>>> print(open('start34.pdb').read())   # PDB, C-alpha atoms and all ligand atoms
ATOM      1  CA  MET A   1      10.497 -21.226   6.190
ATOM      2  CA  THR A   2       7.784 -20.752   3.554
ATOM      3  CA  ILE A   3       6.134 -17.393   2.830
ATOM      4  CA  ALA A   4       2.911 -18.666   4.439
ATOM      5  CA  ASP A   5       4.918 -19.653   7.562
ATOM      6  CA  GLN A   6       5.974 -16.017   7.952
ATOM      7  CA  LEU A   7       2.421 -15.070   8.949
ATOM      8  CA  THR A   8       2.587 -14.626  12.690
ATOM      9  CA  GLY A   9       0.230 -14.685  15.670
ATOM     10  CA  SER A  10      -3.314 -13.537  14.983
ATOM     11  CA  HIS A  11      -2.409 -13.042  11.297
ATOM     12  CA  ARG A  12      -2.331 -16.814  10.930
ATOM     13  CA  ARG A  13      -6.066 -17.362  10.896
ATOM     14  CA  PRO A  14      -8.473 -19.629   9.096
ATOM     15  CA  GLY A  15      -9.400 -17.798   5.905
ATOM     16  CA  GLY A  16     -12.354 -17.540   3.551
ATOM     17  CA  LEU A  17     -12.722 -13.769   3.267
ATOM     18  CA  LEU A  18     -11.816 -13.912  -0.438
ATOM     19  CA  GLN A  19     -13.118 -17.381  -1.276
ATOM     20  CA  ASP A  20     -12.942 -18.002  -5.047
ATOM     21  CA  LYS A  21     -12.074 -14.393  -5.876
ATOM     22  CA  VAL A  22      -9.407 -13.843  -8.515
ATOM     23  CA  ALA A  23      -6.759 -11.261  -7.623
ATOM     24  CA  VAL A  24      -3.977  -9.735  -9.675
ATOM     25  CA  ILE A  25      -1.214  -8.615  -7.305
ATOM     26  CA  THR A  26       1.674  -6.501  -8.614
ATOM     27  CA  GLY A  27       4.933  -6.337  -6.685
ATOM     28  CA  ALA A  28       4.231  -9.916  -5.580
ATOM     29  CA  GLY A  29       7.850 -10.991  -5.921
ATOM     30  CA  ALA A  30       8.993  -9.467  -2.612
ATOM     31  CA  GLY A  31       8.011  -7.576   0.505
ATOM     32  CA  ILE A  32       4.443  -6.467   1.132
ATOM     33  CA  GLY A  33       3.196  -7.721  -2.266
ATOM     34  CA  GLN A  34       4.567 -11.215  -1.632
ATOM     35  CA  VAL A  35       2.915 -11.344   1.777
ATOM     36  CA  CYS A  36      -0.328 -10.027   0.220
ATOM     37  CA  ALA A  37      -0.198 -13.067  -2.081
ATOM     38  CA  ALA A  38       0.176 -15.388   0.944
ATOM     39  CA  VAL A  39      -2.669 -13.713   2.844
ATOM     40  CA  PHE A  40      -4.967 -13.666  -0.195
ATOM     41  CA  VAL A  41      -4.372 -17.382  -0.835
ATOM     42  CA  ASN A  42      -5.031 -18.094   2.852
ATOM     43  CA  GLU A  43      -8.308 -16.192   2.444
ATOM     44  CA  GLY A  44      -9.330 -18.418  -0.470
ATOM     45  CA  ALA A  45      -8.324 -16.280  -3.471
ATOM     46  CA  LYS A  46      -6.640 -17.341  -6.673
ATOM     47  CA  VAL A  47      -3.716 -15.024  -7.378
ATOM     48  CA  LEU A  48      -1.776 -13.892 -10.418
ATOM     49  CA  ALA A  49       1.521 -12.929  -8.747
ATOM     50  CA  ALA A  50       3.112 -10.279 -10.970
ATOM     51  CA  ASP A  51       6.545  -8.707 -10.662
ATOM     52  CA  LEU A  52       9.516  -7.536 -12.669
ATOM     53  CA  SER A  53      12.223  -9.106 -10.518
ATOM     54  CA  GLY A  54      11.674 -12.835 -11.055
ATOM     55  CA  GLY A  55      10.593 -13.121  -7.395
ATOM     56  CA  GLN A  56       7.075 -13.912  -8.637
ATOM     57  CA  GLU A  57       8.309 -17.419  -9.518
ATOM     58  CA  GLU A  58       9.411 -17.997  -5.913
ATOM     59  CA  THR A  59       6.069 -16.691  -4.648
ATOM     60  CA  ALA A  60       4.126 -19.047  -6.909
ATOM     61  CA  ALA A  61       6.352 -22.025  -6.089
ATOM     62  CA  ALA A  62       5.953 -21.400  -2.352
ATOM     63  CA  LEU A  63       2.192 -20.859  -2.355
ATOM     64  CA  GLY A  64       1.082 -23.683  -4.668
ATOM     65  CA  PRO A  65      -1.523 -24.110  -7.392
ATOM     66  CA  SER A  66      -3.707 -21.135  -6.373
ATOM     67  CA  VAL A  67      -0.921 -18.850  -7.610
ATOM     68  CA  SER A  68       0.315 -18.282 -11.126
ATOM     69  CA  PRO A  69       3.423 -16.143 -11.740
ATOM     70  CA  PHE A  70       3.612 -13.399 -14.348
ATOM     71  CA  ARG A  71       6.457 -11.086 -15.360
ATOM     72  CA  VAL A  72       5.295  -7.481 -15.630
ATOM     73  CA  ASP A  73       6.926  -4.094 -15.836
ATOM     74  CA  VAL A  74       4.200  -1.749 -14.592
ATOM     75  CA  ARG A  75       5.691   1.070 -16.678
ATOM     76  CA  ARG A  76       4.772  -0.811 -19.878
ATOM     77  CA  GLU A  77       1.151  -0.789 -21.031
ATOM     78  CA  GLU A  78       1.558  -3.863 -23.231
ATOM     79  CA  ASP A  79       2.824  -5.854 -20.191
ATOM     80  CA  ILE A  80      -0.151  -4.699 -18.124
ATOM     81  CA  GLU A  81      -2.672  -5.593 -20.816
ATOM     82  CA  ALA A  82      -1.058  -9.026 -21.093
ATOM     83  CA  MET A  83      -1.138  -9.418 -17.284
ATOM     84  CA  PHE A  84      -4.913  -9.039 -17.084
ATOM     85  CA  ALA A  85      -5.390 -11.226 -20.168
ATOM     86  CA  ARG A  86      -3.268 -13.910 -18.496
ATOM     87  CA  ALA A  87      -5.280 -13.745 -15.253
ATOM     88  CA  ALA A  88      -8.525 -14.159 -17.215
ATOM     89  CA  GLU A  89      -7.005 -17.020 -19.212
ATOM     90  CA  VAL A  90      -5.741 -18.916 -16.141
ATOM     91  CA  PHE A  91      -8.515 -18.170 -13.630
ATOM     92  CA  GLY A  92     -11.485 -17.139 -15.826
ATOM     93  CA  ARG A  93     -12.054 -13.589 -14.528
ATOM     94  CA  VAL A  94     -10.533 -10.739 -12.521
ATOM     95  CA  ASP A  95     -12.245  -9.561  -9.321
ATOM     96  CA  ILE A  96      -9.420  -7.737  -7.555
ATOM     97  CA  LEU A  97      -6.322  -5.687  -8.325
ATOM     98  CA  VAL A  98      -3.839  -5.118  -5.506
ATOM     99  CA  HIS A  99      -1.270  -2.771  -6.964
ATOM    100  CA  VAL A 100       1.775  -2.911  -4.695
ATOM    101  CA  ALA A 101       4.756  -2.593  -7.069
ATOM    102  CA  GLY A 102       6.906   0.366  -6.160
ATOM    103  CA  ILE A 103      10.403   1.765  -5.759
ATOM    104  CA  PRO A 104      11.805   4.026  -3.042
ATOM    105  CA  GLY A 105      13.152   7.509  -3.704
ATOM    106  CA  ASN A 106      16.806   8.005  -2.835
ATOM    107  CA  ARG A 107      17.312  11.748  -3.025
ATOM    108  CA  ARG A 108      15.636  14.262  -0.757
ATOM    109  CA  GLY A 109      14.360  17.746  -1.562
ATOM    110  CA  PRO A 110      16.115  19.700  -4.292
ATOM    111  CA  GLU A 111      18.832  17.023  -4.630
ATOM    112  CA  ILE A 112      16.360  15.264  -6.936
ATOM    113  CA  THR A 113      17.592  14.517 -10.455
ATOM    114  CA  ALA A 114      15.480  14.467 -13.600
ATOM    115  CA  GLU A 115      16.294  10.742 -13.968
ATOM    116  CA  GLU A 116      15.011   9.909 -10.493
ATOM    117  CA  TYR A 117      11.923  12.042 -11.112
ATOM    118  CA  ASP A 118      11.247  10.011 -14.272
ATOM    119  CA  ASP A 119      11.831   6.676 -12.468
ATOM    120  CA  LEU A 120       9.541   7.521  -9.548
ATOM    121  CA  THR A 121       6.732   8.990 -11.600
ATOM    122  CA  SER A 122       6.846   6.251 -14.230
ATOM    123  CA  VAL A 123       6.569   3.440 -11.669
ATOM    124  CA  HIS A 124       4.153   5.086  -9.239
ATOM    125  CA  LEU A 125       2.001   7.414 -11.355
ATOM    126  CA  ARG A 126       2.123   5.947 -14.854
ATOM    127  CA  GLY A 127       2.107   2.415 -13.359
ATOM    128  CA  THR A 128      -0.942   3.126 -11.200
ATOM    129  CA  VAL A 129      -2.865   4.847 -13.998
ATOM    130  CA  LEU A 130      -2.213   1.993 -16.427
ATOM    131  CA  CYS A 131      -2.813  -0.856 -13.946
ATOM    132  CA  ASN A 132      -6.071   0.773 -12.807
ATOM    133  CA  LYS A 133      -7.168   1.439 -16.397
ATOM    134  CA  HIS A 134      -6.756  -2.206 -17.401
ATOM    135  CA  ALA A 135      -8.181  -3.512 -14.121
ATOM    136  CA  VAL A 136     -11.346  -1.521 -14.814
ATOM    137  CA  ARG A 137     -11.496  -2.909 -18.359
ATOM    138  CA  ALA A 138     -11.118  -6.449 -17.023
ATOM    139  CA  MET A 139     -13.742  -5.978 -14.282
ATOM    140  CA  LEU A 140     -16.520  -4.134 -16.117
ATOM    141  CA  PRO A 141     -17.777  -7.145 -18.140
ATOM    142  CA  THR A 142     -18.328  -9.184 -14.936
ATOM    143  CA  GLY A 143     -20.179  -6.456 -13.040
ATOM    144  CA  GLY A 144     -17.329  -4.835 -11.115
ATOM    145  CA  GLY A 145     -14.573  -5.566  -8.643
ATOM    146  CA  ALA A 146     -12.240  -4.029  -6.091
ATOM    147  CA  ILE A 147      -8.956  -2.160  -6.509
ATOM    148  CA  VAL A 148      -6.477  -1.600  -3.693
ATOM    149  CA  ASN A 149      -3.558   0.690  -4.554
ATOM    150  CA  PHE A 150      -0.516   0.915  -2.297
ATOM    151  CA  SER A 151       0.231   4.522  -1.427
ATOM    152  CA  SER A 152       2.333   5.673   1.549
ATOM    153  CA  ALA A 153       1.989   7.616   4.785
ATOM    154  CA  ALA A 154       4.393   9.967   2.981
ATOM    155  CA  SER A 155       1.511  10.868   0.623
ATOM    156  CA  LEU A 156      -0.351  12.472   3.525
ATOM    157  CA  ASN A 157       2.402  14.659   4.904
ATOM    158  CA  VAL A 158       6.094  15.201   4.464
ATOM    159  CA  ASP A 159       9.118  13.901   6.296
ATOM    160  CA  GLU A 160      12.531  15.383   5.600
ATOM    161  CA  ARG A 161      14.060  11.922   5.093
ATOM    162  CA  ILE A 162      11.630  11.003   2.349
ATOM    163  CA  SER A 163      11.959  12.044  -1.308
ATOM    164  CA  MET A 164       9.524  14.835  -2.180
ATOM    165  CA  VAL A 165       8.923  13.256  -5.563
ATOM    166  CA  TYR A 166       8.092   9.884  -3.950
ATOM    167  CA  SER A 167       5.618  11.738  -1.687
ATOM    168  CA  ALA A 168       4.128  13.626  -4.628
ATOM    169  CA  ALA A 169       3.819  10.481  -6.735
ATOM    170  CA  LYS A 170       2.095   8.652  -3.860
ATOM    171  CA  ALA A 171      -0.255  11.640  -3.388
ATOM    172  CA  GLY A 172      -1.039  11.110  -7.070
ATOM    173  CA  VAL A 173      -1.831   7.461  -6.295
ATOM    174  CA  ASN A 174      -4.422   8.704  -3.782
ATOM    175  CA  SER A 175      -5.980  10.992  -6.404
ATOM    176  CA  ILE A 176      -6.091   8.238  -9.023
ATOM    177  CA  THR A 177      -7.738   5.938  -6.466
ATOM    178  CA  LYS A 178     -10.444   8.501  -5.716
ATOM    179  CA  ALA A 179     -10.983   9.225  -9.415
ATOM    180  CA  ILE A 180     -11.540   5.537 -10.181
ATOM    181  CA  ALA A 181     -13.883   5.221  -7.178
ATOM    182  CA  VAL A 182     -15.979   8.185  -8.277
ATOM    183  CA  GLN A 183     -16.035   7.404 -11.977
ATOM    184  CA  TYR A 184     -16.678   3.661 -11.784
ATOM    185  CA  GLY A 185     -18.651   3.333  -8.539
ATOM    186  CA  PRO A 186     -21.925   3.241 -10.490
ATOM    187  CA  GLN A 187     -20.575   0.225 -12.415
ATOM    188  CA  GLY A 188     -19.694  -1.736  -9.297
ATOM    189  CA  ILE A 189     -15.989  -0.962  -8.983
ATOM    190  CA  ARG A 190     -14.609   0.067  -5.590
ATOM    191  CA  ALA A 191     -11.141   1.630  -5.306
ATOM    192  CA  ASN A 192      -9.252   2.316  -2.093
ATOM    193  CA  ALA A 193      -5.657   2.910  -1.087
ATOM    194  CA  VAL A 194      -3.518   1.599   1.760
ATOM    195  CA  ALA A 195      -0.960   4.114   3.026
ATOM    196  CA  PRO A 196       1.736   2.163   4.904
ATOM    197  CA  GLY A 197       4.008   3.686   7.482
ATOM    198  CA  PHE A 198       7.502   2.260   7.999
ATOM    199  CA  THR A 199       7.101  -1.472   7.411
ATOM    200  CA  LEU A 200       9.638  -4.254   7.777
ATOM    201  CA  SER A 201       9.693  -5.664   4.293
ATOM    202  CA  LYS A 202      13.040  -7.393   3.702
ATOM    203  CA  LYS A 203      14.578  -4.420   1.894
ATOM    204  CA  ASN A 204      14.161  -2.312   5.046
ATOM    205  CA  PHE A 205      16.209  -4.800   7.125
ATOM    206  CA  ALA A 206      19.210  -3.224   5.371
ATOM    207  CA  ALA A 207      18.488   0.214   6.879
ATOM    208  CA  PRO A 208      21.153   1.419   9.343
ATOM    209  CA  PRO A 209      20.093   0.644  12.949
ATOM    210  CA  GLU A 210      19.735   4.346  13.879
ATOM    211  CA  ILE A 211      17.385   4.995  10.923
ATOM    212  CA  MET A 212      15.474   1.810  11.766
ATOM    213  CA  ARG A 213      15.081   2.997  15.405
ATOM    214  CA  GLU A 214      14.116   6.517  14.372
ATOM    215  CA  LEU A 215      11.509   5.515  11.780
ATOM    216  CA  SER A 216      10.069   2.786  14.013
ATOM    217  CA  GLY A 217       9.714   5.373  16.796
ATOM    218  CA  LYS A 218       7.653   7.656  14.525
ATOM    219  CA  ALA A 219       4.578   5.464  14.975
ATOM    220  CA  ALA A 220       2.352   6.168  17.971
ATOM    221  CA  LEU A 221       2.650   2.432  18.607
ATOM    222  CA  GLY A 222       6.431   2.868  18.804
ATOM    223  CA  ARG A 223       7.357   0.158  16.334
ATOM    224  CA  ALA A 224       7.596  -0.624  12.651
ATOM    225  CA  GLY A 225       4.770  -2.439  10.881
ATOM    226  CA  GLN A 226       4.922  -6.006   9.606
ATOM    227  CA  PRO A 227       4.044  -6.769   5.959
ATOM    228  CA  GLU A 228       1.094  -8.925   7.054
ATOM    229  CA  GLU A 229      -0.371  -5.927   8.898
ATOM    230  CA  GLN A 230      -0.556  -4.201   5.510
ATOM    231  CA  ALA A 231      -1.778  -7.303   3.691
ATOM    232  CA  HIS A 232      -4.742  -7.920   6.018
ATOM    233  CA  VAL A 233      -6.034  -4.381   5.519
ATOM    234  CA  ALA A 234      -5.690  -4.867   1.756
ATOM    235  CA  ALA A 235      -7.602  -8.173   2.053
ATOM    236  CA  PHE A 236     -10.398  -6.484   4.004
ATOM    237  CA  LEU A 237     -10.655  -3.611   1.486
ATOM    238  CA  ALA A 238     -10.707  -6.104  -1.400
ATOM    239  CA  SER A 239     -13.383  -8.244   0.258
ATOM    240  CA  ASP A 240     -17.158  -7.996   0.256
ATOM    241  CA  LEU A 241     -16.979  -7.010   3.943
ATOM    242  CA  ALA A 242     -15.863  -3.592   2.673
ATOM    243  CA  SER A 243     -18.777  -3.359   0.221
ATOM    244  CA  PHE A 244     -19.627   0.255   1.201
ATOM    245  CA  VAL A 245     -16.018   1.462   1.396
ATOM    246  CA  THR A 246     -14.657   3.256  -1.645
ATOM    247  CA  GLY A 247     -12.507   6.283  -2.440
ATOM    248  CA  VAL A 248     -10.621   6.233   0.870
ATOM    249  CA  VAL A 249      -6.940   6.247   1.771
ATOM    250  CA  VAL A 250      -6.342   4.136   4.879
ATOM    251  CA  PRO A 251      -3.169   4.907   6.826
ATOM    252  CA  VAL A 252      -1.719   1.643   8.144
ATOM    253  CA  ASP A 253       1.073   3.353  10.007
ATOM    254  CA  GLY A 254       0.718   2.679  13.725
ATOM    255  CA  GLY A 255      -0.479   6.260  14.164
ATOM    256  CA  TRP A 256       2.464   8.047  12.509
ATOM    257  CA  SER A 257       0.226  10.269  10.357
ATOM    258  CA  ALA A 258      -1.884  11.219  13.397
ATOM    259  CA  LYS A 259       1.101  13.006  14.961
ATOM    260  CA  LEU A 260       2.360  16.501  14.201
ATOM    261  CA  ALA A 261       5.870  15.214  13.448
TER     262      ALA A 261
HETATM  263  N1  LIG A 301       7.960  -0.870   3.291
HETATM  264  C1  LIG A 301       7.607   0.342   3.670
HETATM  265  O1  LIG A 301       8.042   0.853   4.726
HETATM  266  C2  LIG A 301       6.633   1.141   2.836
HETATM  267  C3  LIG A 301       6.133   2.335   3.361
HETATM  268  C4  LIG A 301       5.240   3.081   2.607
HETATM  269  C5  LIG A 301       4.841   2.636   1.351
HETATM  270  N2  LIG A 301       5.347   1.472   0.866
HETATM  271  C6  LIG A 301       4.892   1.062  -0.476
HETATM  272  O2  LIG A 301       4.421  -0.276  -0.409
HETATM  273  C7  LIG A 301       4.754  -0.960  -1.624
HETATM  274  C8  LIG A 301       5.568  -2.214  -1.305
HETATM  275  O3  LIG A 301       6.743  -1.850  -0.609
HETATM  276  P1  LIG A 301       7.811  -2.964  -0.155
HETATM  277  O4  LIG A 301       8.488  -2.421   1.033
HETATM  278  O5  LIG A 301       7.178  -4.303  -0.092
HETATM  279  O6  LIG A 301       8.832  -2.899  -1.395
HETATM  280  P2  LIG A 301       9.780  -4.045  -1.982
HETATM  281  O7  LIG A 301      10.898  -3.327  -2.658
HETATM  282  O8  LIG A 301      10.099  -5.080  -0.965
HETATM  283  O9  LIG A 301       8.851  -4.719  -3.099
HETATM  284  C9  LIG A 301       8.435  -3.982  -4.221
HETATM  285  C10 LIG A 301       8.264  -4.941  -5.394
HETATM  286  O10 LIG A 301       7.850  -4.158  -6.533
HETATM  287  C11 LIG A 301       8.544  -4.663  -7.658
HETATM  288  N3  LIG A 301       8.665  -3.638  -8.692
HETATM  289  C12 LIG A 301       9.391  -2.489  -8.655
HETATM  290  N4  LIG A 301       9.295  -1.847  -9.828
HETATM  291  C13 LIG A 301       8.481  -2.591 -10.623
HETATM  292  C14 LIG A 301       8.009  -2.454 -11.954
HETATM  293  N5  LIG A 301       8.372  -1.423 -12.735
HETATM  294  N6  LIG A 301       7.186  -3.409 -12.434
HETATM  295  C15 LIG A 301       6.816  -4.467 -11.676
HETATM  296  N7  LIG A 301       7.249  -4.665 -10.416
HETATM  297  C16 LIG A 301       8.074  -3.734  -9.904
HETATM  298  C17 LIG A 301       9.926  -5.066  -7.133
HETATM  299  O11 LIG A 301      10.554  -5.989  -8.007
HETATM  300  C18 LIG A 301       9.567  -5.667  -5.779
HETATM  301  O12 LIG A 301       9.343  -7.057  -5.867
HETATM  302  C19 LIG A 301       5.483   0.046  -2.506
HETATM  303  O13 LIG A 301       4.573   0.654  -3.405
HETATM  304  C20 LIG A 301       6.014   1.062  -1.507
HETATM  305  O14 LIG A 301       6.208   2.340  -2.084
HETATM  306  C21 LIG A 301       6.227   0.716   1.571
END
>>> encode(input="start34.pdb", output="structure tokens", more="lines below")
Ligand SMILES: NC(=O)c1ccc[n+]([C@@H]2O[C@H](COP(=O)([O-])OP(=O)(O)OC[C@H]3O[C@@H](n4cnc5c(N)ncnc54)[C@H](O)[C@@H]3O)[C@@H](O)[C@H]2O)c1
Amino acid sequence: MTIADQLTGSHRRPGGLLQDKVAVITGAGAGIGQVCAAVFVNEGAKVLAADLSGGQEETAAALGPSVSPFRVDVRREEDIEAMFARAAEVFGRVDILVHVAGIPGNRRGPEITAEEYDDLTSVHLRGTVLCNKHAVRAMLPTGGGAIVNFSSAASLNVDERISMVYSAAKAGVNSITKAIAVQYGPQGIRANAVAPGFTLSKKNFAAPPEIMRELSGKAALGRAGQPEEQAHVAAFLASDLASFVTGVVVPVDGGWSAKLA
């Protein structure tokens, strides 16, 4: 089954929302980022699929000539600069950044170690700052663009199962998103964040069944999300249909964040 074949039901729709836009997507080697690449291509975009894992090659091979793979470590500024240069070289310009790359936190509360703090903040905070910085630089000469950062429902409130540093770093992603929106709105750059609830990217299939049941049950809709349910919101926010939407954090969590617990 190809990545595009994984799009189910109403998510498999004739596209065109992003016709001829050029998108850089980080974290495009797996999970939500990979499905974002499939949805964006279906909507007519050209995509630089960037990841650290090597999975970006699989994404590009599966999705065809509209996708070019790129190896990036979002903790490294020189990689990020090269990523935007590569997108401009291959596709001529950069209209969209979808910054999905991320890692989960393993330790809860005060069990956190300094090493895990450094890992989480370097990927989520440093990575978001640097990817947004270079996206802005790439977009300004062509009159603007759209940034969609992947945050988390855990940025909005806490859950005892989720690392406090992951939550704090994702809250930082929300702040960075708003800062970019406010500072660069006058120059035509929109920035928004998607805050997923528990979503069935492949890595979450490995969760023990009781955790899977418990986290799925957190949503008002009583189920986990699918990666394409995240990707379509990202596509909307990146598209001209969202031309008056900037500086917002959109929970895509089946109603989890609307509940008291
Ligand atoms: N799946 C969920 O339930 C969920 C919930 C809330 C938020 N999120 C967020 O959504 C995003 C995607 O989650 P996912 O479930 O698809 O994760 P995933 O682990 O399936 O995919 C993440 C991708 O990011 C890449 N990556 C990690 N570190 C990187 C680095 N330093 N440089 C470049 N690439 C790097 C990985 O190689 C991987 O391909 C993440 O930011 C995550 O925090 C996910």
>>> residues_near_ligand(input="start34.pdb", ligand="ligand LIG 301 (chain A)", cutoff="7 Å", atoms="all atoms listed in the file", output="number ranges by chain")
A: 26-33, 50-53, 55, 72-75, 100-104, 123, 150-154, 195-204
>>> residues_around(input="start34.pdb", residues="Phe244 in chain A", least_positions_apart="3", cutoff="12 Å", atoms="only C-alpha atoms", output="list in words")
Ala146, Ala181, Gly185, Gly188, Ile189, Arg190, Ala191, Asn192, Phe236, Leu237, Ala238, Ser239, Asp240, Leu241, Gly247 and Val248 of chain A
>>> closest_residue(input="start34.pdb", among="A:Gly145, A:Pro251, A:Gly127, A:Gly225", to="Ala23 in chain A", atoms="all atoms listed in the file")
A:Gly145
>>> residues_near_point(input="start34.pdb", point="(-0.7, 2.9, 11.6)", cutoff="12 Å", atoms="all atoms listed in the file", output="PDB file with C-alpha atoms, in the coordinates of the input")
ATOM      1  CA  SER A 152       2.333   5.673   1.549  1.00  0.00           C
ATOM      2  CA  ALA A 153       1.989   7.616   4.785  1.00  0.00           C
ATOM      3  CA  VAL A 194      -3.518   1.599   1.760  1.00  0.00           C
ATOM      4  CA  ALA A 195      -0.960   4.114   3.026  1.00  0.00           C
ATOM      5  CA  PRO A 196       1.736   2.163   4.904  1.00  0.00           C
ATOM      6  CA  GLY A 197       4.008   3.686   7.482  1.00  0.00           C
ATOM      7  CA  PHE A 198       7.502   2.260   7.999  1.00  0.00           C
ATOM      8  CA  THR A 199       7.101  -1.472   7.411  1.00  0.00           C
ATOM      9  CA  SER A 216      10.069   2.786  14.013  1.00  0.00           C
ATOM     10  CA  GLY A 217       9.714   5.373  16.796  1.00  0.00           C
ATOM     11  CA  LYS A 218       7.653   7.656  14.525  1.00  0.00           C
ATOM     12  CA  ALA A 219       4.578   5.464  14.975  1.00  0.00           C
ATOM     13  CA  ALA A 220       2.352   6.168  17.971  1.00  0.00           C
ATOM     14  CA  LEU A 221       2.650   2.432  18.607  1.00  0.00           C
ATOM     15  CA  GLY A 222       6.431   2.868  18.804  1.00  0.00           C
ATOM     16  CA  ARG A 223       7.357   0.158  16.334  1.00  0.00           C
ATOM     17  CA  ALA A 224       7.596  -0.624  12.651  1.00  0.00           C
ATOM     18  CA  GLY A 225       4.770  -2.439  10.881  1.00  0.00           C
ATOM     19  CA  GLN A 226       4.922  -6.006   9.606  1.00  0.00           C
ATOM     20  CA  GLU A 229      -0.371  -5.927   8.898  1.00  0.00           C
ATOM     21  CA  GLN A 230      -0.556  -4.201   5.510  1.00  0.00           C
ATOM     22  CA  VAL A 233      -6.034  -4.381   5.519  1.00  0.00           C
ATOM     23  CA  VAL A 250      -6.342   4.136   4.879  1.00  0.00           C
ATOM     24  CA  PRO A 251      -3.169   4.907   6.826  1.00  0.00           C
ATOM     25  CA  VAL A 252      -1.719   1.643   8.144  1.00  0.00           C
ATOM     26  CA  ASP A 253       1.073   3.353  10.007  1.00  0.00           C
ATOM     27  CA  GLY A 254       0.718   2.679  13.725  1.00  0.00           C
ATOM     28  CA  GLY A 255      -0.479   6.260  14.164  1.00  0.00           C
ATOM     29  CA  TRP A 256       2.464   8.047  12.509  1.00  0.00           C
ATOM     30  CA  SER A 257       0.226  10.269  10.357  1.00  0.00           C
ATOM     31  CA  ALA A 258      -1.884  11.219  13.397  1.00  0.00           C
ATOM     32  CA  LYS A 259       1.101  13.006  14.961  1.00  0.00           C
TER      33      LYS A 259
END
>>> axis_aligned_box(input="start34.pdb", around="range 233-248 of chain A", padding_each_side="5 Å", output="AutoDock Vina command-line options")
--center_x -12.7 --center_y -1.0 --center_z 1.5 --size_x 23.9 --size_y 24.5 --size_z 18.0
>>> closest_residue(input="start34.pdb", among="A:Ser243, A:Asn174, A:Asn42, A:Asn106", to="His124 in chain A", atoms="all atoms listed in the file")
A:Asn174
>>> residues_around(input="start34.pdb", residues="Glu81 in chain A", least_positions_apart="6", cutoff="10 Å", atoms="all atoms listed in the file", output="ChimeraX atom specification")
/A:72,130-131,133-135,137-138
>>> resolve_selection(input="start34.pdb", expression="the PyMOL selection byres (((chain A and resi 65) around 12) and not hetatm)", output="MDAnalysis selection string")
chainID A and resid 41 44:49 59:64 66:69 90:91
>>> resolve_selection(input="start34.pdb", expression="the PyMOL selection byres (((chain A and resi 165) around 12) and not hetatm)", output="PDB file with C-alpha atoms, in the frame of the given file")
ATOM      1  CA  ILE A 103      10.403   1.765  -5.759  1.00  0.00           C
ATOM      2  CA  PRO A 104      11.805   4.026  -3.042  1.00  0.00           C
ATOM      3  CA  GLY A 105      13.152   7.509  -3.704  1.00  0.00           C
ATOM      4  CA  ASN A 106      16.806   8.005  -2.835  1.00  0.00           C
ATOM      5  CA  ARG A 107      17.312  11.748  -3.025  1.00  0.00           C
ATOM      6  CA  ARG A 108      15.636  14.262  -0.757  1.00  0.00           C
ATOM      7  CA  GLY A 109      14.360  17.746  -1.562  1.00  0.00           C
ATOM      8  CA  PRO A 110      16.115  19.700  -4.292  1.00  0.00           C
ATOM      9  CA  GLU A 111      18.832  17.023  -4.630  1.00  0.00           C
ATOM     10  CA  ILE A 112      16.360  15.264  -6.936  1.00  0.00           C
ATOM     11  CA  THR A 113      17.592  14.517 -10.455  1.00  0.00           C
ATOM     12  CA  ALA A 114      15.480  14.467 -13.600  1.00  0.00           C
ATOM     13  CA  GLU A 115      16.294  10.742 -13.968  1.00  0.00           C
ATOM     14  CA  GLU A 116      15.011   9.909 -10.493  1.00  0.00           C
ATOM     15  CA  TYR A 117      11.923  12.042 -11.112  1.00  0.00           C
ATOM     16  CA  ASP A 118      11.247  10.011 -14.272  1.00  0.00           C
ATOM     17  CA  ASP A 119      11.831   6.676 -12.468  1.00  0.00           C
ATOM     18  CA  LEU A 120       9.541   7.521  -9.548  1.00  0.00           C
ATOM     19  CA  THR A 121       6.732   8.990 -11.600  1.00  0.00           C
ATOM     20  CA  SER A 122       6.846   6.251 -14.230  1.00  0.00           C
ATOM     21  CA  VAL A 123       6.569   3.440 -11.669  1.00  0.00           C
ATOM     22  CA  HIS A 124       4.153   5.086  -9.239  1.00  0.00           C
ATOM     23  CA  LEU A 125       2.001   7.414 -11.355  1.00  0.00           C
ATOM     24  CA  ALA A 154       4.393   9.967   2.981  1.00  0.00           C
ATOM     25  CA  SER A 155       1.511  10.868   0.623  1.00  0.00           C
ATOM     26  CA  VAL A 158       6.094  15.201   4.464  1.00  0.00           C
ATOM     27  CA  ASP A 159       9.118  13.901   6.296  1.00  0.00           C
ATOM     28  CA  GLU A 160      12.531  15.383   5.600  1.00  0.00           C
ATOM     29  CA  ARG A 161      14.060  11.922   5.093  1.00  0.00           C
ATOM     30  CA  ILE A 162      11.630  11.003   2.349  1.00  0.00           C
ATOM     31  CA  SER A 163      11.959  12.044  -1.308  1.00  0.00           C
ATOM     32  CA  MET A 164       9.524  14.835  -2.180  1.00  0.00           C
ATOM     33  CA  TYR A 166       8.092   9.884  -3.950  1.00  0.00           C
ATOM     34  CA  SER A 167       5.618  11.738  -1.687  1.00  0.00           C
ATOM     35  CA  ALA A 168       4.128  13.626  -4.628  1.00  0.00           C
ATOM     36  CA  ALA A 169       3.819  10.481  -6.735  1.00  0.00           C
ATOM     37  CA  LYS A 170       2.095   8.652  -3.860  1.00  0.00           C
ATOM     38  CA  ALA A 171      -0.255  11.640  -3.388  1.00  0.00           C
ATOM     39  CA  GLY A 172      -1.039  11.110  -7.070  1.00  0.00           C
TER      40      GLY A 172
END
